[in-house]
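Undergrad: For reference, this is data.cif, and it has mmCIF, C-alpha atoms.
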```cif
data_my_file
#
loop_
_atom_site.label_atom_id
_atom_site.label_comp_id
_atom_site.auth_asym_id
_atom_site.auth_seq_id
_atom_site.Cartn_x
_atom_site.Cartn_y
_atom_site.Cartn_z
CA MET A 1 172.72 10.43 -43.94
CA ILE A 2 170.04 10.37 -41.24
CA LYS A 3 167.28 7.79 -41.36
CA ARG A 4 164.02 9.56 -42.18
CA GLU A 5 161.98 7.35 -39.90
CA LYS A 6 158.71 9.25 -40.31
CA TYR A 7 158.59 8.27 -43.98
CA ILE A 8 160.12 4.81 -43.61
CA ALA A 9 157.72 3.89 -40.79
CA SER A 10 154.73 4.53 -43.06
CA ILE A 11 156.26 2.31 -45.77
CA ARG A 12 157.51 -0.47 -43.47
CA GLU A 13 154.14 -2.15 -42.96
CA PHE A 14 153.95 -2.70 -46.73
CA TYR A 15 157.36 -4.39 -47.12
CA ASN A 16 155.79 -7.79 -47.73
CA SER A 17 152.62 -6.57 -49.42
CA ASP A 18 151.91 -7.45 -53.04
CA LEU A 19 151.03 -3.79 -53.60
CA ILE A 20 153.51 -1.78 -55.68
CA LYS A 21 155.18 0.75 -53.40
CA ILE A 22 155.46 4.08 -55.28
CA ILE A 23 157.78 6.68 -53.71
CA THR A 24 157.35 10.08 -55.33
CA GLY A 25 158.61 13.60 -54.80
CA ILE A 26 160.66 16.40 -56.29
CA ARG A 27 164.15 15.53 -57.46
CA ARG A 28 166.91 15.69 -54.82
CA CYS A 29 164.48 15.52 -51.91
CA GLY A 30 165.96 12.20 -50.73
CA LYS A 31 163.84 9.50 -52.39
CA SER A 32 166.87 7.46 -53.46
CA VAL A 33 168.36 7.61 -49.97
CA ILE A 34 165.10 6.36 -48.43
CA LEU A 35 164.87 3.60 -51.04
CA GLY A 36 168.42 2.52 -50.21
CA GLN A 37 167.73 2.59 -46.47
CA ILE A 38 164.67 0.36 -46.95
CA LYS A 39 166.76 -2.07 -49.03
CA ASP A 40 169.47 -2.17 -46.35
CA GLU A 41 166.87 -2.78 -43.65
CA ILE A 42 165.34 -5.67 -45.58
CA GLU A 43 168.73 -7.18 -46.44
CA GLN A 44 169.65 -7.19 -42.75
CA SER A 45 166.86 -9.74 -42.27
CA GLY A 46 168.63 -12.03 -44.74
CA ALA A 47 166.36 -11.43 -47.73
CA LYS A 48 167.78 -11.02 -51.24
CA CYS A 49 167.12 -7.77 -53.10
CA VAL A 50 167.60 -6.35 -56.58
CA TYR A 51 168.41 -2.63 -56.68
CA LEU A 52 168.68 -0.69 -59.96
CA ASN A 53 169.37 3.02 -60.37
CA LEU A 54 167.69 3.64 -63.72
CA GLU A 55 169.04 7.19 -63.91
CA ASP A 56 172.48 5.63 -64.44
CA ARG A 57 172.08 4.68 -68.11
CA TYR A 58 175.71 3.53 -68.32
CA GLU A 59 175.28 0.62 -65.92
CA ASN A 60 171.55 0.05 -66.40
CA ASN A 61 170.92 0.77 -70.06
CA PHE A 62 167.69 -1.15 -70.64
CA SER A 63 166.07 -0.36 -73.97
CA SER A 64 162.65 -1.67 -72.98
CA ALA A 65 160.46 -2.84 -70.13
CA ASN A 66 160.94 -6.44 -71.32
CA GLU A 67 164.74 -6.20 -70.95
CA LEU A 68 164.32 -4.85 -67.44
CA VAL A 69 161.96 -7.67 -66.44
CA GLU A 70 164.28 -10.33 -67.91
CA PHE A 71 167.25 -8.92 -65.99
CA VAL A 72 165.37 -8.90 -62.66
CA LEU A 73 163.97 -12.42 -63.09
CA LYS A 74 167.48 -13.81 -63.73
CA THR A 75 168.46 -12.92 -60.16
CA LYS A 76 167.85 -16.20 -58.35
CA GLY A 77 166.18 -16.01 -54.96
CA ALA A 78 165.36 -12.31 -55.14
CA LYS A 79 162.11 -11.41 -53.40
CA TYR A 80 162.38 -7.61 -53.23
CA VAL A 81 162.97 -5.30 -56.19
CA PHE A 82 163.94 -1.62 -55.98
CA LEU A 83 163.76 0.48 -59.15
CA ASP A 84 165.02 4.03 -58.71
CA GLU A 85 163.73 6.69 -61.18
CA ILE A 86 161.53 4.17 -62.99
CA GLN A 87 160.15 6.76 -65.44
CA ASN A 88 163.40 6.51 -67.41
CA ILE A 89 162.24 3.14 -68.80
CA LEU A 90 159.88 3.10 -71.77
CA ASN A 91 156.56 1.45 -70.87
CA TRP A 92 157.70 1.09 -67.27
CA GLN A 93 154.08 0.45 -66.23
CA GLU A 94 154.18 -2.90 -68.04
CA ALA A 95 157.36 -3.87 -66.20
CA CYS A 96 155.71 -3.05 -62.88
CA LYS A 97 152.63 -5.12 -63.62
CA THR A 98 154.70 -8.12 -64.75
CA LEU A 99 157.06 -8.07 -61.75
CA ARG A 100 154.13 -7.78 -59.37
CA LEU A 101 152.39 -10.76 -60.99
CA LYS A 102 155.63 -12.76 -60.53
CA GLY A 103 155.17 -12.41 -56.77
CA LEU A 104 157.96 -9.88 -56.17
CA SER A 105 157.66 -7.08 -53.63
CA LEU A 106 158.23 -4.02 -55.80
CA PHE A 107 159.43 -0.56 -54.73
CA ILE A 108 159.74 2.23 -57.31
CA THR A 109 160.66 5.91 -57.20
CA GLY A 110 160.08 8.76 -59.61
CA SER A 111 160.22 12.55 -59.74
CA ASN A 112 157.05 13.10 -61.72
CA SER A 113 153.44 12.88 -60.60
CA LYS A 114 152.66 11.14 -63.92
CA LEU A 115 153.71 8.05 -61.96
CA LEU A 116 150.21 8.42 -60.56
CA SER A 117 148.58 9.35 -63.87
CA SER A 118 144.94 8.49 -64.39
CA GLU A 119 145.94 5.80 -66.89
CA PHE A 120 148.26 4.07 -64.42
CA VAL A 121 145.74 4.38 -61.61
CA LYS A 122 143.09 2.80 -63.82
CA GLU A 123 145.36 -0.09 -64.85
CA LEU A 124 146.52 -0.83 -61.31
CA SER A 125 143.52 0.28 -59.29
CA GLY A 126 143.85 -1.13 -55.78
CA ARG A 127 147.26 -2.64 -56.57
CA PHE A 128 149.61 0.13 -55.45
CA VAL A 129 150.23 2.45 -52.53
CA SER A 130 152.01 5.80 -52.87
CA PHE A 131 154.23 7.81 -50.52
CA ASN A 132 155.23 11.41 -51.16
CA ILE A 133 158.69 12.49 -49.96
CA ARG A 134 159.52 16.16 -49.47
CA PRO A 135 162.63 18.26 -48.74
CA PHE A 136 163.81 18.27 -45.11
CA VAL A 137 161.94 20.10 -42.38
CA TYR A 138 163.78 21.89 -39.57
CA LYS A 139 163.97 18.91 -37.21
CA GLU A 140 165.52 16.75 -39.93
CA LEU A 141 168.02 19.43 -40.92
CA LYS A 142 169.11 19.86 -37.30
CA GLU A 143 169.60 16.10 -36.97
CA TYR A 144 171.60 15.90 -40.20
CA ALA A 145 173.70 18.92 -39.19
CA ASN A 146 174.53 17.18 -35.89
CA GLU A 147 175.56 14.08 -37.83
CA LEU A 148 177.93 16.24 -39.90
CA GLY A 149 179.25 18.01 -36.81
CA LYS A 150 177.78 21.34 -37.92
CA ASP A 151 175.39 23.94 -36.59
CA PHE A 152 172.25 24.89 -38.48
CA SER A 153 170.33 27.89 -37.21
CA LEU A 154 166.71 28.90 -37.50
CA GLY A 155 167.85 31.92 -39.49
CA GLU A 156 169.58 29.69 -42.02
CA TYR A 157 166.43 27.60 -42.42
CA LEU A 158 164.36 30.73 -43.03
CA SER A 159 166.80 31.98 -45.67
CA LEU A 160 167.94 28.77 -47.40
CA GLY A 161 165.16 26.16 -47.15
CA GLY A 162 165.24 22.41 -46.70
CA PHE A 163 167.28 20.70 -49.41
CA ALA A 164 169.63 18.63 -47.26
CA LYS A 165 172.71 18.94 -49.48
CA ILE A 166 173.11 22.60 -48.52
CA LEU A 167 174.60 21.33 -45.25
CA GLU A 168 177.50 19.78 -47.13
CA PHE A 169 178.81 23.14 -48.39
CA GLN A 170 180.96 25.57 -46.44
CA SER A 171 179.97 28.96 -47.85
CA ASN A 172 176.78 30.76 -48.79
CA GLU A 173 178.21 31.24 -52.29
CA SER A 174 178.53 27.47 -52.72
CA ILE A 175 175.03 26.92 -51.36
CA LYS A 176 173.51 29.50 -53.70
CA ALA A 177 175.40 27.97 -56.65
CA TYR A 178 174.03 24.53 -55.74
CA LEU A 179 170.47 25.83 -55.40
CA LYS A 180 170.74 27.67 -58.71
CA ASP A 181 171.92 24.50 -60.42
CA LEU A 182 169.11 22.52 -58.77
CA ASP A 183 166.55 25.02 -60.03
CA ASN A 184 167.99 25.01 -63.56
CA THR A 185 167.92 21.22 -63.60
CA VAL A 186 164.70 20.35 -61.80
CA ILE A 187 162.43 23.28 -62.64
CA ILE A 188 163.69 24.67 -65.93
CA ASN A 189 165.67 22.24 -68.10
CA ASP A 190 163.87 19.03 -67.06
CA LEU A 191 160.43 20.46 -67.72
CA ILE A 192 161.37 22.16 -70.98
CA ALA A 193 162.78 18.86 -72.24
CA ARG A 194 160.04 16.63 -70.81
CA TYR A 195 157.16 18.63 -72.26
CA ASN A 196 159.00 19.87 -75.37
CA ILE A 197 158.26 23.48 -74.43
CA LYS A 198 158.98 25.80 -77.38
CA LYS A 199 158.18 29.13 -75.72
CA THR A 200 161.03 28.84 -73.24
CA GLU A 201 161.23 32.52 -72.30
CA LEU A 202 157.49 32.65 -71.61
CA PHE A 203 157.77 29.51 -69.51
CA LYS A 204 160.67 30.96 -67.48
CA LYS A 205 158.76 34.22 -66.97
CA ILE A 206 155.72 32.37 -65.62
CA VAL A 207 157.90 30.16 -63.39
CA ASP A 208 159.67 33.20 -61.93
CA PHE A 209 156.38 34.96 -61.22
CA VAL A 210 154.79 31.92 -59.56
CA MET A 211 157.86 31.06 -57.46
CA LEU A 212 158.12 34.67 -56.22
CA SER A 213 154.38 34.71 -55.44
CA ASN A 214 154.56 31.89 -52.89
CA ALA A 215 152.01 32.00 -50.07
CA ARG A 216 149.72 34.24 -52.12
CA VAL A 217 146.34 33.64 -53.71
CA LEU A 218 146.81 33.21 -57.46
CA SER A 219 144.64 32.41 -60.43
CA ALA A 220 145.51 31.67 -64.04
CA ASN A 221 143.99 35.05 -64.94
CA SER A 222 146.15 36.97 -62.46
CA ILE A 223 149.25 35.29 -63.88
CA LEU A 224 148.14 36.05 -67.43
CA ASN A 225 147.54 39.70 -66.54
CA TYR A 226 151.08 39.95 -65.18
CA ILE A 227 152.52 38.39 -68.35
CA LYS A 228 150.57 40.82 -70.52
CA SER A 229 151.84 43.73 -68.40
CA GLN A 230 155.33 42.63 -69.43
CA LYS A 231 154.31 43.08 -73.08
CA ILE A 232 154.42 39.32 -73.65
CA THR A 233 151.74 37.48 -75.61
CA ALA A 234 150.22 34.39 -73.99
CA SER A 235 146.92 32.54 -73.66
CA ILE A 236 145.06 31.38 -70.57
CA ASN A 237 145.40 27.77 -71.75
CA THR A 238 149.18 28.11 -71.92
CA VAL A 239 149.30 29.51 -68.39
CA ILE A 240 147.17 26.65 -67.07
CA LYS A 241 149.31 24.11 -68.90
CA TYR A 242 152.57 25.51 -67.51
CA LEU A 243 151.12 25.56 -63.99
CA SER A 244 150.19 21.88 -64.35
CA HIS A 245 153.79 21.13 -65.39
CA LEU A 246 155.06 22.72 -62.17
CA GLU A 247 152.60 20.68 -60.13
CA GLU A 248 153.57 17.46 -61.91
CA ALA A 249 157.23 18.13 -61.06
CA TYR A 250 156.22 18.67 -57.39
CA ALA A 251 157.61 22.22 -57.58
CA ILE A 252 154.44 23.90 -56.30
CA ARG A 253 151.43 22.98 -54.20
CA LYS A 254 147.98 24.52 -54.35
CA LEU A 255 146.00 25.24 -51.19
CA PRO A 256 142.24 25.47 -51.89
CA LYS A 257 139.95 27.85 -50.09
CA TYR A 258 137.40 26.53 -47.64
CA SER A 259 134.16 28.45 -47.29
CA LEU A 260 132.41 28.47 -43.91
CA LYS A 261 129.17 29.46 -45.60
CA ALA A 262 129.18 26.78 -48.28
CA LYS A 263 130.93 24.13 -46.15
CA ARG A 264 132.98 23.14 -49.15
CA LYS A 265 136.21 23.81 -50.96
CA LEU A 266 136.18 26.65 -53.46
CA GLU A 267 137.96 25.98 -56.71
CA PHE A 268 138.12 29.46 -58.24
CA PHE A 269 141.22 30.80 -56.52
CA GLU A 270 143.97 28.95 -54.76
CA LYS A 271 146.96 29.85 -52.67
CA VAL A 272 150.23 28.57 -54.08
CA TYR A 273 153.21 27.35 -52.04
CA ASN A 274 156.65 26.35 -53.25
CA GLU A 275 157.79 22.83 -52.44
CA ASP A 276 160.74 24.58 -50.80
CA ILE A 277 161.45 28.27 -50.24
CA ALA A 278 164.79 27.80 -52.04
CA PHE A 279 162.90 28.39 -55.30
CA SER A 280 161.90 31.85 -54.06
CA VAL A 281 165.27 32.61 -52.47
CA ILE A 282 167.35 32.04 -55.61
CA ARG A 283 165.08 34.40 -57.53
CA GLY A 284 165.73 37.24 -55.11
CA GLY A 285 162.89 36.47 -52.72
CA ASP A 286 165.21 35.98 -49.73
CA LYS A 287 164.05 39.31 -48.25
CA ASP A 288 160.39 38.29 -48.44
CA ILE A 289 160.50 36.92 -44.90
CA THR A 290 156.74 37.05 -44.26
CA HIS A 291 155.70 34.87 -47.20
CA ASN A 292 158.69 32.53 -46.94
CA LEU A 293 157.86 32.00 -43.27
CA GLU A 294 154.26 31.13 -44.13
CA ASN A 295 155.55 28.75 -46.81
CA ILE A 296 157.77 27.06 -44.23
CA ILE A 297 154.85 26.70 -41.79
CA TYR A 298 152.83 25.13 -44.62
CA ASN A 299 155.63 22.63 -45.33
CA GLU A 300 155.98 21.77 -41.64
CA LEU A 301 152.23 21.22 -41.18
CA ILE A 302 152.14 18.92 -44.22
CA PHE A 303 155.06 16.97 -42.71
CA MET A 304 153.10 16.66 -39.46
CA GLY A 305 150.24 15.08 -41.41
CA TYR A 306 147.64 17.85 -41.45
CA GLU A 307 145.15 18.40 -44.27
CA LEU A 308 145.23 22.12 -45.02
CA PHE A 309 142.84 24.72 -46.43
CA LEU A 310 142.82 28.49 -46.72
CA TYR A 311 139.97 29.69 -44.48
CA ASP A 312 137.71 32.61 -45.35
CA ASN A 313 136.20 34.24 -42.29
CA ASN A 314 133.68 36.51 -44.02
CA GLY A 315 136.35 38.26 -46.05
CA LYS A 316 139.10 37.97 -43.43
CA GLU A 317 141.71 35.49 -44.60
CA ILE A 318 142.99 32.95 -42.07
CA ASP A 319 146.17 31.32 -43.33
CA PHE A 320 145.32 27.71 -42.53
CA LEU A 321 142.52 25.45 -41.45
CA ALA A 322 144.49 22.38 -40.35
CA ILE A 323 142.66 19.07 -39.85
CA LYS A 324 144.04 15.85 -38.39
CA GLY A 325 142.57 13.03 -36.33
CA GLY A 326 139.23 14.76 -35.93
CA LYS A 327 140.84 17.93 -34.53
CA GLU A 328 140.68 21.26 -36.34
CA TYR A 329 142.91 24.31 -35.93
CA LEU A 330 142.65 27.80 -37.37
CA ILE A 331 146.19 29.15 -37.76
CA GLN A 332 147.55 32.63 -38.43
CA VAL A 333 151.22 33.12 -39.31
CA ALA A 334 153.25 36.34 -38.94
CA TYR A 335 156.94 37.08 -38.49
CA SER A 336 156.10 39.41 -35.61
CA VAL A 337 153.06 40.95 -33.93
CA ALA A 338 155.07 43.18 -31.61
CA GLU A 339 153.56 46.28 -33.21
CA ASN A 340 149.94 47.00 -32.33
CA LYS A 341 148.85 47.23 -35.95
CA ALA A 342 150.23 43.77 -36.78
CA TYR A 343 148.78 42.30 -33.59
CA GLU A 344 145.30 43.68 -34.28
CA ARG A 345 145.41 42.45 -37.89
CA GLU A 346 146.40 38.88 -37.04
CA ILE A 347 144.20 38.46 -33.96
CA GLY A 348 141.37 40.28 -35.72
CA ALA A 349 141.22 37.56 -38.37
CA PHE A 350 139.67 35.29 -35.70
CA SER A 351 136.94 37.80 -34.78
CA SER A 352 133.32 36.57 -34.60
CA LEU A 353 134.40 32.90 -34.71
CA ASP A 354 133.27 30.53 -31.97
CA ASN A 355 135.62 28.21 -30.10
CA SER A 356 134.64 24.98 -31.88
CA ARG A 357 138.06 25.08 -33.53
CA ALA A 358 141.29 25.84 -31.70
CA LYS A 359 142.84 29.18 -32.70
CA VAL A 360 146.62 29.38 -33.08
CA LEU A 361 149.02 32.23 -33.81
CA ILE A 362 152.59 31.36 -34.86
CA THR A 363 155.25 34.11 -34.86
CA ASN A 364 158.97 34.56 -34.34
CA ASP A 365 158.37 36.75 -31.27
CA GLU A 366 159.87 35.83 -27.90
CA ILE A 367 157.01 37.45 -25.95
CA ASP A 368 153.92 35.30 -25.39
CA PHE A 369 150.96 36.96 -27.11
CA SER A 370 148.38 34.32 -26.12
CA THR A 371 144.87 35.45 -25.24
CA SER A 372 141.98 33.66 -23.56
CA THR A 373 140.92 32.24 -26.96
CA VAL A 374 144.09 32.29 -29.09
CA LYS A 375 147.19 30.21 -28.33
CA HIS A 376 150.46 31.84 -29.40
CA ILE A 377 153.21 29.37 -30.37
CA LYS A 378 156.74 30.67 -30.78
CA LEU A 379 158.27 29.66 -34.10
CA LYS A 380 161.31 28.02 -32.49
CA ASP A 381 158.97 25.81 -30.44
CA PHE A 382 156.61 25.04 -33.31
CA LEU A 383 159.46 23.76 -35.51
CA LEU A 384 160.33 21.11 -32.91
CA MET A 385 156.75 19.88 -32.46
CA ASP A 386 155.40 16.62 -33.86
CA GLU A 387 151.86 18.00 -33.83
CA LEU A 388 149.97 21.06 -32.64
#
```
Since I need it in another form, could you write the structure as structure tokens?

TA:
Amino acid sequence: MIKREKYIASIREFYNSDLIKIITGIRRCGKSVILGQIKDEIEQSGAKCVYLNLEDRYENNFSSANELVEFVLKTKGAKYVFLDEIQNILNWQEACKTLRLKGLSLFITGSNSKLLSSEFVKELSGRFVSFNIRPFVYKELKEYANELGKDFSLGEYLSLGGFAKILEFQSNESIKAYLKDLDNTVIINDLIARYNIKKTELFKKIVDFVMLSNARVLSANSILNYIKSQKITASINTVIKYLSHLEEAYAIRKLPKYSLKAKRKLEFFEKVYNEDIAFSVIRGGDKDITHNLENIIYNELIFMGYELFLYDNNGKEIDFLAIKGGKEYLIQVAYSVAENKAYEREIGAFSSLDNSRAKVLITNDEIDFSTSTVKHIKLKDFLLMDEL
């Protein structure tokens, strides 16, 4: 497996910090691999580590936080502790606090944003640092494919997404079966069990609608209206609750609007993106190239470190306002602007705006459609960039 240096580099400076290192992200995005690579790197310096996979209840069947702490402290000379999938331990927060107070450098992973719940943040305010890991972006997939002696095309990325394990299968049928199982495990069964969801069919209906609405502006009311159109009874509170479950599992991300007039974020409507387009693809959204492409651009920009907003140019929607290091970019995404109508629509979104922010158009076209004020970046070039 490749070393995901972009993530590890951000964690490395905290190796010897007394802060608890929290590594979060959706299941099967590679958190455990990164945790293991950090452990290996530290052990190469001669330091002693304790590593426990707490998802393996056969080997690590601790009934309480106290048992876990006692086990770790029995390991003589250990200075670094790695606890994978920590949320499987009851009262794991207490174990973390105790191990930290014992002077150990603690690294933990988990697949649920409740790791960063308000209660935990309050108890350990200023005593932890968090890192969010995501599925692979194109550059990482290409590197891993090379390691496996395989090819991985842009077309495959646009139709399959970024879960790295897809590269280990030989056929599209095997890949789709894997992605279906991943969805059933991570999105459906895990959440139904974790939150004791009784209205399972309603939950699945809402999940399907949201996942197939990626890169679109949604509200709880618009989702509720769809559910009612299917002759299903639901309440707005239930919709909001189920959406929060998807966010907590890192399955979706919300992109708030930014208003030029108000100079602030608007909270009423938000654009929703899937953590990976695989969740749209396995529901039949593989032909929705336009929205899946925008979702991929979103994921790539987040990987590059940009803070993103949906920009409203007096009623004309611009896909992204991207901010990083004091630089701001207005970005439009389209699969192609070869037809005049598409070109006028995408370029027209920038109309009446001054040049205080750079304007960028990203498409899959081979022809350069740059103008005197708008820079056109070809998709194949954008996916290999480290920043705009």

Undergrad: Would you list the contacts of A:Ile302 as a PyMOL selection string, taking every protein, DNA or RNA residue within 12 Å and counting all atoms listed in the file, but skipping same-chain residues closer than 2 positions in sequence?

TA: chain A and resi 132-137+253+255+273+275+295-300+304-309+320-324+386-388

Undergrad: If we count only C-alpha atoms and set the cut-off at 9 Å, which residues sit around A:Leu191, ignoring sequence neighbours fewer than 6 positions away in its own chain? Please answer as an MDAnalysis selection string.

TA: chainID A and resid 185 197 245:246 249

Undergrad: Work out how far apart atom CA of A:Val81 and atom CA of A:Phe163 are and give it in Å to one decimal.

TA: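 Atom CA of A:Phe163 lies 27.2 Å from atom CA of A:Val81.
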
Undergrad: Quick one: residues within 8 Å of A:Lys31, all atoms listed in the file counted, chain neighbours fewer than 6 positions away excluded, as a ChimeraX atom specification?

TA: /A:23-25,109,133

Undergrad: Point out the residue among A:Gly36, A:Gly77, A:Gly126, A:Gly162 with the least atom-to-atom distance to A:Ile8, counting only C-alpha atoms.

TA: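 Result for the nearest residue to A:Ile8: A:Gly36.
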
Undergrad: Could you expand the PyMOL selection byres ((chain A and resi 371) around 12) into the explicit residues it covers here, written as a list in words?

TA: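 Residues picked by the PyMOL selection byres ((chain A and resi 371) around 12): Tyr343, Ile347, Phe350, Lys359, Val360, Leu361, Asp368, Phe369, Ser370, Ser372, Thr373, Val374, Lys375, His376 and Ile377 of chain A.
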
Undergrad: Identify which of the residues A:Leu224, A:Ile240, A:Ala215, A:Ile331 lies closest to A:Lys254, counting all atoms listed in the file when measuring atom-to-atom distances.

TA: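 The shortest atom-to-atom distance to A:Lys254 comes from A:Ala215.
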
Undergrad: Find, counting only C-alpha atoms, the residue in A:Tyr329, A:Phe209, A:Tyr226, A:Phe152 that gets nearest to A:Glu140.

TA: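 Of the candidates, the smallest distance to A:Glu140 is held by A:Phe152.
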
Undergrad: I'd like to see the residues matched by the PyMOL selection byres ((chain A and resi 53-60) around 12) on this file, and ideally I'd get them as a ChimeraX atom specification.

TA: /A:27,31-33,35-36,50-52,61-65,67-68,71-72,81-90,92,107-111

Undergrad: Identify, on the basis of all atoms listed in the file, every residue whose closest approach to A:Lys271 does not exceed 12 Å; exclude the query and any residue fewer than 2 positions from it along the same chain; express the result as a PyMOL selection string.

TA: chain A and resi 210-211+213-220+252-258+266-269+273-274+291+294-295+298+308-311+317-320

Undergrad: Rounded to one decimal in Å, what is the spacing between atom CA of A:Gln230 and atom CA of A:Phe203?

TA: 13.3 Å

Undergrad: Near A:Leu106, counting all atoms listed in the file, which residues have an atom at most 9 Å away, once you skip same-chain residues fewer than 4 positions from it, shown as number ranges by chain?

TA: A: 15, 17-22, 79-83, 96, 99-100

Undergrad: How would the residues just chosen look if you wrote them out with C-alpha atoms as a short mmCIF file (atom, residue, chain, number, x, y, z; two decimals), in the coordinates of the input?

TA:
```cif
data_model
loop_
_atom_site.label_atom_id
_atom_site.label_comp_id
_atom_site.auth_asym_id
_atom_site.auth_seq_id
_atom_site.Cartn_x
_atom_site.Cartn_y
_atom_site.Cartn_z
CA TYR A 15 157.36 -4.39 -47.12
CA SER A 17 152.62 -6.57 -49.42
CA ASP A 18 151.91 -7.45 -53.04
CA LEU A 19 151.03 -3.79 -53.60
CA ILE A 20 153.51 -1.78 -55.68
CA LYS A 21 155.18 0.75 -53.40
CA ILE A 22 155.46 4.08 -55.28
CA LYS A 79 162.11 -11.41 -53.40
CA TYR A 80 162.38 -7.61 -53.23
CA VAL A 81 162.97 -5.30 -56.19
CA PHE A 82 163.94 -1.62 -55.98
CA LEU A 83 163.76 0.48 -59.15
CA CYS A 96 155.71 -3.05 -62.88
CA LEU A 99 157.06 -8.07 -61.75
CA ARG A 100 154.13 -7.78 -59.37
#
```

Undergrad: Record the distance separating atom CA of A:Val186 and atom CA of A:Ile26, expressed in Å with one decimal.

TA: 7.9 Å

Undergrad: Dig up all the protein and nucleic acid residues within 10 Å of (178.4, 24.1, -38.5) in the file frame, using all atoms listed in the file, and format them as a PyMOL selection string.

TA: chain A and resi 145-146+148-153+167-170
